[in-house]
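K.L.:
One structure, as C-alpha cells, below. Some questions next.
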There are 2 protein chains.
Amino acid sequence: MDQIDTEILQQLQRSAKISMKELATIVHLSSPAVIERVKKLEEQGIIEGYTTKVNLKKINRSIQAIILFKSIDCKSLSNFCNAHPDVLECYRVAGEISYIVKIATYSVETLEQFIDDAMPYGTPSTNIVLSRTENSVIKPFTLE
Amino acid sequence: MDQIDTEILQQLQRSAKISMKELATIVHLSSPAVIERVKKLEEQGIIEGYTTKVNLKKINRSIQAIILFKSIDCKSLSNFCNAHPDVLECYRVAGEISYIVKIATYSVETLEQFIDDAMPYGTPSTNIVLSRTENSVIKPFTLE
DNA sequence: AGTTTTTTCTTATATTATAAAGCAAAATGA
DNA sequence: TCATTTTGCTTTATAATATAAGAAAAAACT
C-alpha cells in the first residue's frame with residue numbers, strides 16, 4: 001500500500017467504473033500496471049467488491065429508520081433481521097445499546113409491521129431518518 | 001421499472017463490474033438493449049453511481065463505532081462530522097435520538113479524540129461495533 | 001386501421017482489458 | 001561484493017467489450 005494504491009482506491013470508491021486506462025493516466029502508469037495493482041488489492045481483500053448505489057426513494061423505499069435495541073436475545077433478533085428483506089444493515093454493538101438495525105421500507109404501515117414483528121426479541125427504539133450524509137471515499141492510511 | 005429492470009438492478013448491486021454482455025444473457029436481451037436500460041436507470045436517478053467496497057480493517061480502520069446524540073445543536077454537529085475524515089455516515093433522525101454518526105477510526109486513542117472533539121455539540125453515547133451484517137442487494141418493488 | 005412512439009435487434013466500429021515478452025530496479029542470499 | 005531471484009514496469013499484440021447507427025418489431029395512441 002503506497003500512495004499510488006491509495007489514489008487508485010480513492011478513485012475506485014469515487015467511481016467503480018472508471019476505466020483502467022483513465023486510472024493509469026491519473027497515477028502516471030501504464031494500464032497493465034494499474035490492472036496488476038487492482039488485482040492485488042482484490043486478492044489481499046482490501047477491495048471487497050464493486051457495487052451500485054440505488055436511490056431508495058426512487059424504488060419506493062420512502063421510509064428509512066434506525067432502530068435501537070437494549071439487552072435482548074441477540075441471536076434470535078439477528079436471525080429475524082437478516083431474513084427480513086427491508087433490513088439494510090445490522091450492528092451488534094457494545095455500549096448503552098446492544099443491537100442496531102437500519103431498515104428501508106415502503107410506508108408507515110410496513111414500518112409498523114416490522115416493529116411489531118421485532119417486538120418479541122426486545123424493546124425497539126425507532127428513529128426515523130430525516131436526512132443523511134455520507135463520506136463515500138474513505139482515505140486509506142499511507143506511510144510516506 | 002419492470003421485472004427486467006429489477007433483475008438488472010439486483011445484478012448490478014451484486015457486482016457493478018458485470019459485463020453488459022453477461023447481463024444481457026441473464027435477462028435474455030441483446031447487450032445494446034441492456035446498455036440502454038442501464039442508461040435510463042442512471043438518467044432517472046435510480047442508479048446513483050458505482051462504488052468499491054473497501055475492507056476497513058485492512059486499511060487500519062480497526063475500530064468502528066455508532067455514536068448517538070440527544071437534543072443537540074444539529075447544525076454545528078453536522079458541520080463538524082462532515083468535515084471529519086473518520087466519519088462514514090451521519091443521520092439526522094426523529095425519535096429518542098436526534099443525531100447518529102458512524103465512524104471508522106484507527107485506535108482507541110483516535111476514538112477518544114473524536115469523542116472529546118464532538119463533546120461541545122452534545123452528549124455522545126458511544127457504541128463500539130462488535131460485528132456487522134449487510135444486505136447488499138435491495139430488491140426493488142415491481143408491479144407484475 | 002393507421003400513425004406515432006418506444007423498444008429491440010443486427011451489424012459495424014471504437015474502446016478497453018488483458019496476455020505475453022522483455023527489461024530494469026530492488027531485494028535476497030551466499 | 002557479486003550472483004540470483006523477485007518485483008514491478010513498459011511496450012506490443014490480441015481478445016473482449018461497449019457503443020453507435022440503422023432497420024425491424026412491438027406497443028401505445030388517435
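Chains: A, B, ... in order of the C-alpha cells. Residues: from 1 per chain. Ligands: from 1, in order shown.
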Give me the least-squares superposed chain A (reference chain B; all C-alpha atoms paired in order) as a short mmCIF file (atom, residue, chain, number, x, y, z; two decimals) with C-alpha atoms, in the first residue's frame.
P.N.:
```cif
data_model
loop_
_atom_site.label_atom_id
_atom_site.label_comp_id
_atom_site.auth_asym_id
_atom_site.auth_seq_id
_atom_site.Cartn_x
_atom_site.Cartn_y
_atom_site.Cartn_z
CA MET A 1 -39.40 -0.38 -13.93
CA ASP A 2 -40.39 -3.88 -14.95
CA GLN A 3 -39.04 -7.26 -13.93
CA ILE A 4 -36.10 -6.97 -16.31
CA ASP A 5 -35.03 -3.66 -14.77
CA THR A 6 -35.40 -5.24 -11.35
CA GLU A 7 -33.13 -8.10 -12.34
CA ILE A 8 -30.60 -5.67 -13.84
CA LEU A 9 -30.57 -3.57 -10.67
CA GLN A 10 -30.06 -6.60 -8.49
CA GLN A 11 -27.21 -7.91 -10.62
CA LEU A 12 -25.53 -4.51 -10.66
CA GLN A 13 -25.78 -4.26 -6.90
CA ARG A 14 -24.30 -7.72 -6.57
CA SER A 15 -21.41 -6.78 -8.81
CA ALA A 16 -21.14 -3.41 -10.54
CA LYS A 17 -18.51 -4.70 -12.93
CA ILE A 18 -20.60 -7.39 -14.56
CA SER A 19 -20.28 -6.99 -18.32
CA MET A 20 -23.28 -5.79 -20.30
CA LYS A 21 -22.87 -8.93 -22.38
CA GLU A 22 -23.23 -11.23 -19.38
CA LEU A 23 -26.11 -9.17 -18.03
CA ALA A 24 -27.74 -9.46 -21.44
CA THR A 25 -27.68 -13.25 -21.39
CA ILE A 26 -29.13 -13.27 -17.87
CA VAL A 27 -32.12 -11.14 -18.84
CA HIS A 28 -32.42 -12.63 -22.35
CA LEU A 29 -31.82 -9.43 -24.27
CA SER A 30 -29.08 -8.11 -26.54
CA SER A 31 -26.32 -6.04 -24.97
CA PRO A 32 -27.31 -2.76 -26.65
CA ALA A 33 -30.78 -3.21 -25.16
CA VAL A 34 -29.31 -3.72 -21.70
CA ILE A 35 -26.99 -0.72 -22.09
CA GLU A 36 -30.00 1.39 -23.00
CA ARG A 37 -31.92 0.23 -19.94
CA VAL A 38 -28.98 0.88 -17.64
CA LYS A 39 -28.53 4.35 -19.12
CA LYS A 40 -32.19 5.10 -18.42
CA LEU A 41 -31.87 3.90 -14.83
CA GLU A 42 -28.92 6.26 -14.46
CA GLU A 43 -30.80 9.18 -16.03
CA GLN A 44 -33.81 8.60 -13.83
CA GLY A 45 -31.52 8.74 -10.83
CA ILE A 46 -32.48 5.23 -9.73
CA ILE A 47 -28.82 4.29 -10.14
CA GLU A 48 -26.85 6.89 -8.21
CA GLY A 49 -23.41 5.57 -9.03
CA TYR A 50 -20.96 2.72 -8.82
CA THR A 51 -18.60 2.27 -5.92
CA THR A 52 -15.98 -0.03 -4.47
CA LYS A 53 -16.33 -1.71 -1.11
CA VAL A 54 -13.17 -1.42 0.92
CA ASN A 55 -12.32 -3.63 3.89
CA LEU A 56 -11.90 -1.10 6.67
CA LYS A 57 -9.83 -3.34 8.90
CA LYS A 58 -7.33 -3.92 6.13
CA ILE A 59 -6.71 -0.20 5.80
CA ASN A 60 -6.10 0.09 9.54
CA ARG A 61 -9.55 1.39 10.43
CA SER A 62 -9.86 -1.31 13.03
CA ILE A 63 -12.46 0.37 15.21
CA GLN A 64 -15.97 1.20 14.15
CA ALA A 65 -18.49 2.94 16.36
CA ILE A 66 -22.02 4.24 16.20
CA ILE A 67 -22.39 7.36 18.27
CA LEU A 68 -25.80 8.63 19.36
CA PHE A 69 -26.61 12.23 20.32
CA LYS A 70 -29.72 13.53 22.08
CA SER A 71 -31.08 17.08 21.84
CA ILE A 72 -28.12 18.89 20.38
CA ASP A 73 -27.18 21.72 18.07
CA CYS A 74 -27.60 19.67 14.91
CA LYS A 75 -26.20 22.24 12.54
CA SER A 76 -22.84 22.56 14.29
CA LEU A 77 -22.52 18.84 14.93
CA SER A 78 -23.35 18.14 11.30
CA ASN A 79 -20.64 20.54 10.13
CA PHE A 80 -18.11 19.02 12.47
CA CYS A 81 -18.91 15.46 11.42
CA ASN A 82 -18.98 16.08 7.70
CA ALA A 83 -15.56 17.67 7.88
CA HIS A 84 -14.07 14.77 9.86
CA PRO A 85 -12.24 12.15 7.74
CA ASP A 86 -13.16 9.23 10.01
CA VAL A 87 -16.91 9.78 9.68
CA LEU A 88 -18.64 7.39 7.30
CA GLU A 89 -22.30 8.34 7.65
CA CYS A 90 -24.43 10.85 9.53
CA TYR A 91 -28.15 10.63 10.19
CA ARG A 92 -30.44 13.36 11.37
CA VAL A 93 -33.23 11.37 12.99
CA ALA A 94 -36.53 11.81 14.80
CA GLY A 95 -37.09 9.66 17.86
CA GLU A 96 -35.47 9.22 21.23
CA ILE A 97 -32.22 10.20 19.50
CA SER A 98 -31.64 13.23 17.28
CA TYR A 99 -28.32 12.56 15.57
CA ILE A 100 -26.43 9.37 14.72
CA VAL A 101 -22.85 9.17 13.47
CA LYS A 102 -20.99 6.14 12.21
CA ILE A 103 -17.23 6.32 12.29
CA ALA A 104 -14.30 4.09 11.35
CA THR A 105 -11.11 5.02 13.13
CA TYR A 106 -7.63 3.69 13.83
CA SER A 107 -7.40 3.09 17.54
CA VAL A 108 -8.98 3.66 20.91
CA GLU A 109 -6.91 6.83 21.12
CA THR A 110 -8.28 8.30 17.90
CA LEU A 111 -11.79 7.32 19.02
CA GLU A 112 -11.24 9.11 22.29
CA GLN A 113 -10.05 12.15 20.41
CA PHE A 114 -13.17 12.12 18.26
CA ILE A 115 -15.47 11.88 21.27
CA ASP A 116 -13.65 14.73 22.99
CA ASP A 117 -13.89 16.87 19.87
CA ALA A 118 -17.60 16.09 19.48
CA MET A 119 -18.44 16.81 23.14
CA PRO A 120 -19.11 20.53 22.65
CA TYR A 121 -22.00 19.70 20.32
CA GLY A 122 -23.88 17.36 22.64
CA THR A 123 -23.54 14.33 24.85
CA PRO A 124 -22.39 11.35 22.80
CA SER A 125 -23.39 7.78 23.63
CA THR A 126 -20.72 5.62 22.01
CA ASN A 127 -21.43 2.09 20.84
CA ILE A 128 -18.50 0.06 19.56
CA VAL A 129 -19.33 -2.22 16.64
CA LEU A 130 -18.64 -5.87 17.50
CA SER A 131 -19.98 -7.35 14.26
CA ARG A 132 -21.97 -6.29 11.29
CA THR A 133 -24.18 -7.83 8.62
CA GLU A 134 -25.30 -6.23 5.43
CA ASN A 135 -27.96 -6.87 2.84
CA SER A 136 -26.04 -5.67 -0.17
CA VAL A 137 -28.82 -6.32 -2.70
CA ILE A 138 -32.02 -4.38 -2.18
CA LYS A 139 -34.88 -5.75 -4.20
CA PRO A 140 -36.82 -2.99 -5.93
CA PHE A 141 -40.57 -3.05 -5.77
CA THR A 142 -42.12 -4.27 -9.04
CA LEU A 143 -45.66 -4.38 -10.30
CA GLU A 144 -46.36 -7.72 -11.96
#
```
K.L.:
Do me a favour and pick out the residues of chain D within 9 Å of chain B, using only C-alpha atoms (C1' of nucleotides), as a PyMOL selection string.
P.N.:
chain D and resi 17-19
K.L.:
When you look at DA27 of chain D with a cut-off of 12 Å (counting only C-alpha atoms (C1' of nucleotides)), what residues show up, excluding the ones that are within fewer than 5 positions of it in the same chain? I need them as a PyMOL selection string.
P.N.:
chain C and resi 4-8
K.L.:
Tell me, which residues of chain A carry DSSP strand (DSSP E), written as a VMD selection string?
P.N.:
chain A and resid 47 to 54 63 to 69 87 to 94 99 to 105 124 to 134
K.L.:
Within 12 Å of chain A, which residues of chain C show up when using only C-alpha atoms (C1' of nucleotides), listed as a VMD selection string?
P.N.:
chain C and resid 15 to 20
K.L.:
Could those residues be written to a file, using N, CA and C atoms (P, O5', C5', C4', C3', O3' and C1' of nucleotides), as a PDB file, in the first residue's frame?
P.N.:
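What follows is the written file again.pdb:
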```
ATOM      1  P    DT C  15     -12.612   5.735 -30.134  1.00  0.00           P
ATOM      2  O5'  DT C  15     -12.594   4.860 -28.784  1.00  0.00           O
ATOM      3  C5'  DT C  15     -13.835   4.497 -28.198  1.00  0.00           C
ATOM      4  C4'  DT C  15     -13.622   3.473 -27.112  1.00  0.00           C
ATOM      5  C3'  DT C  15     -12.362   3.678 -26.272  1.00  0.00           C
ATOM      6  O3'  DT C  15     -12.800   3.845 -24.946  1.00  0.00           O
ATOM      7  C1'  DT C  15     -12.584   1.405 -26.967  1.00  0.00           C
ATOM      8  P    DT C  16     -11.798   4.092 -23.732  1.00  0.00           P
ATOM      9  O5'  DT C  16     -11.637   2.596 -23.185  1.00  0.00           O
ATOM     10  C5'  DT C  16     -12.794   1.813 -22.944  1.00  0.00           C
ATOM     11  C4'  DT C  16     -12.367   0.411 -22.555  1.00  0.00           C
ATOM     12  C3'  DT C  16     -11.180   0.374 -21.596  1.00  0.00           C
ATOM     13  O3'  DT C  16     -11.608  -0.254 -20.400  1.00  0.00           O
ATOM     14  C1'  DT C  16     -10.877  -1.152 -23.393  1.00  0.00           C
ATOM     15  P    DA C  17     -10.629  -0.617 -19.215  1.00  0.00           P
ATOM     16  O5'  DA C  17     -10.339  -2.152 -19.476  1.00  0.00           O
ATOM     17  C5'  DA C  17     -11.433  -3.062 -19.534  1.00  0.00           C
ATOM     18  C4'  DA C  17     -10.915  -4.473 -19.766  1.00  0.00           C
ATOM     19  C3'  DA C  17      -9.912  -4.981 -18.751  1.00  0.00           C
ATOM     20  O3'  DA C  17     -10.263  -6.322 -18.453  1.00  0.00           O
ATOM     21  C1'  DA C  17      -8.944  -5.063 -20.927  1.00  0.00           C
ATOM     22  P    DT C  18      -9.472  -7.154 -17.338  1.00  0.00           P
ATOM     23  O5'  DT C  18      -8.340  -7.890 -18.170  1.00  0.00           O
ATOM     24  C5'  DT C  18      -8.741  -8.728 -19.259  1.00  0.00           C
ATOM     25  C4'  DT C  18      -7.519  -9.224 -19.984  1.00  0.00           C
ATOM     26  C3'  DT C  18      -6.359  -9.664 -19.089  1.00  0.00           C
ATOM     27  O3'  DT C  18      -5.976 -10.941 -19.514  1.00  0.00           O
ATOM     28  C1'  DT C  18      -5.574  -8.320 -20.825  1.00  0.00           C
ATOM     29  P    DA C  19      -5.290 -11.968 -18.503  1.00  0.00           P
ATOM     30  O5'  DA C  19      -4.411 -12.852 -19.492  1.00  0.00           O
ATOM     31  C5'  DA C  19      -4.862 -13.077 -20.845  1.00  0.00           C
ATOM     32  C4'  DA C  19      -3.654 -13.123 -21.768  1.00  0.00           C
ATOM     33  C3'  DA C  19      -2.405 -13.725 -21.134  1.00  0.00           C
ATOM     34  O3'  DA C  19      -1.860 -14.681 -22.039  1.00  0.00           O
ATOM     35  C1'  DA C  19      -1.891 -11.602 -22.032  1.00  0.00           C
ATOM     36  P    DA C  20      -0.583 -15.550 -21.623  1.00  0.00           P
ATOM     37  O5'  DA C  20       0.611 -14.824 -22.399  1.00  0.00           O
ATOM     38  C5'  DA C  20       0.398 -14.346 -23.727  1.00  0.00           C
ATOM     39  C4'  DA C  20       1.710 -13.798 -24.267  1.00  0.00           C
ATOM     40  C3'  DA C  20       2.950 -14.407 -23.633  1.00  0.00           C
ATOM     41  O3'  DA C  20       3.915 -14.637 -24.649  1.00  0.00           O
ATOM     42  C1'  DA C  20       2.980 -12.062 -23.323  1.00  0.00           C
TER      43       DA C  20
END
```
K.L.:
Identify all residues of chain B in alpha helix (DSSP H) (DSSP on the backbone) and supply them as a ChimeraX atom specification.
P.N.:
/B:3-14,20-27,31-43,74-83,108-118
K.L.:
Any idea what's packed within 12 Å of segment 22-25 of chain C, counting only C-alpha atoms (C1' of nucleotides), ignoring anything in its chain fewer than 5 positions away? Could you give it as a list in words?
P.N.:
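Skipping anything fewer than 5 positions along the chain leaves DT6, DT7, DG8, DC9, DT10, DT11 and DT12 of chain D.
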K.L.:
Excluding DA3 of chain D and residues on its chain fewer than 3 positions from it, collect all residues at most 12 Å away from it, counting only C-alpha atoms (C1' of nucleotides), and give them as a PyMOL selection string.
P.N.:
chain C and resi 28-30
K.L.:
Next, the residues of the selection above should be written as a tab-separated table (two decimals), in the first residue's frame with all heavy atoms.
P.N.:
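See out_32.tsv below for the written result:
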```tsv
chain	number	residue	atom	x	y	z
C	28	DT	P	13.91	-8.38	1.06
C	28	DT	OP1	12.63	-8.85	1.62
C	28	DT	OP2	14.76	-7.41	1.81
C	28	DT	O5'	14.80	-9.66	0.70
C	28	DT	C5'	14.32	-10.57	-0.30
C	28	DT	C4'	15.39	-11.60	-0.61
C	28	DT	O4'	16.41	-11.02	-1.47
C	28	DT	C3'	16.11	-12.15	0.61
C	28	DT	O3'	15.94	-13.55	0.65
C	28	DT	C2'	17.58	-11.73	0.41
C	28	DT	C1'	17.65	-11.57	-1.11
C	28	DT	N1	18.70	-10.65	-1.63
C	28	DT	C2	19.57	-11.12	-2.59
C	28	DT	O2	19.52	-12.25	-3.04
C	28	DT	N3	20.50	-10.19	-3.04
C	28	DT	C4	20.63	-8.88	-2.62
C	28	DT	O4	21.50	-8.16	-3.09
C	28	DT	C5	19.69	-8.45	-1.60
C	28	DT	C7	19.75	-7.05	-1.08
C	28	DT	C6	18.78	-9.34	-1.16
C	29	DG	P	16.41	-14.40	1.95
C	29	DG	OP1	15.43	-15.48	2.15
C	29	DG	OP2	16.72	-13.45	3.05
C	29	DG	O5'	17.77	-15.03	1.44
C	29	DG	C5'	17.86	-15.51	0.09
C	29	DG	C4'	19.29	-15.89	-0.23
C	29	DG	O4'	20.01	-14.73	-0.74
C	29	DG	C3'	20.10	-16.39	0.97
C	29	DG	O3'	20.88	-17.51	0.58
C	29	DG	C2'	20.98	-15.20	1.33
C	29	DG	C1'	21.25	-14.62	-0.06
C	29	DG	N9	21.63	-13.20	-0.08
C	29	DG	C8	21.15	-12.20	0.74
C	29	DG	N7	21.70	-11.03	0.48
C	29	DG	C5	22.59	-11.30	-0.56
C	29	DG	C6	23.46	-10.42	-1.26
C	29	DG	O6	23.64	-9.22	-1.10
C	29	DG	N1	24.19	-11.11	-2.25
C	29	DG	C2	24.07	-12.46	-2.52
C	29	DG	N2	24.84	-12.94	-3.50
C	29	DG	N3	23.26	-13.28	-1.87
C	29	DG	C4	22.55	-12.64	-0.90
C	30	DA	P	21.64	-18.36	1.69
C	30	DA	OP1	20.95	-19.67	1.77
C	30	DA	OP2	21.84	-17.56	2.91
C	30	DA	O5'	23.06	-18.60	0.99
C	30	DA	C5'	23.09	-19.12	-0.35
C	30	DA	C4'	24.43	-18.77	-0.99
C	30	DA	O4'	24.58	-17.31	-1.05
C	30	DA	C3'	25.65	-19.28	-0.22
C	30	DA	O3'	26.57	-19.89	-1.13
C	30	DA	C2'	26.26	-18.05	0.42
C	30	DA	C1'	25.81	-16.92	-0.49
C	30	DA	N9	25.55	-15.64	0.20
C	30	DA	C8	24.72	-15.43	1.27
C	30	DA	N7	24.68	-14.18	1.68
C	30	DA	C5	25.55	-13.53	0.81
C	30	DA	C6	25.94	-12.18	0.71
C	30	DA	N6	25.49	-11.22	1.52
C	30	DA	N1	26.82	-11.87	-0.26
C	30	DA	C2	27.28	-12.84	-1.08
C	30	DA	N3	26.96	-14.14	-1.07
C	30	DA	C4	26.08	-14.42	-0.10
```
K.L.:
What does the distance between atom C1' of DA20 of chain D and atom C1' of DT11 of chain C come to in Å, to one decimal place?
P.N.:
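Atom C1' of DT11 of chain C lies 10.6 Å from atom C1' of DA20 of chain D.
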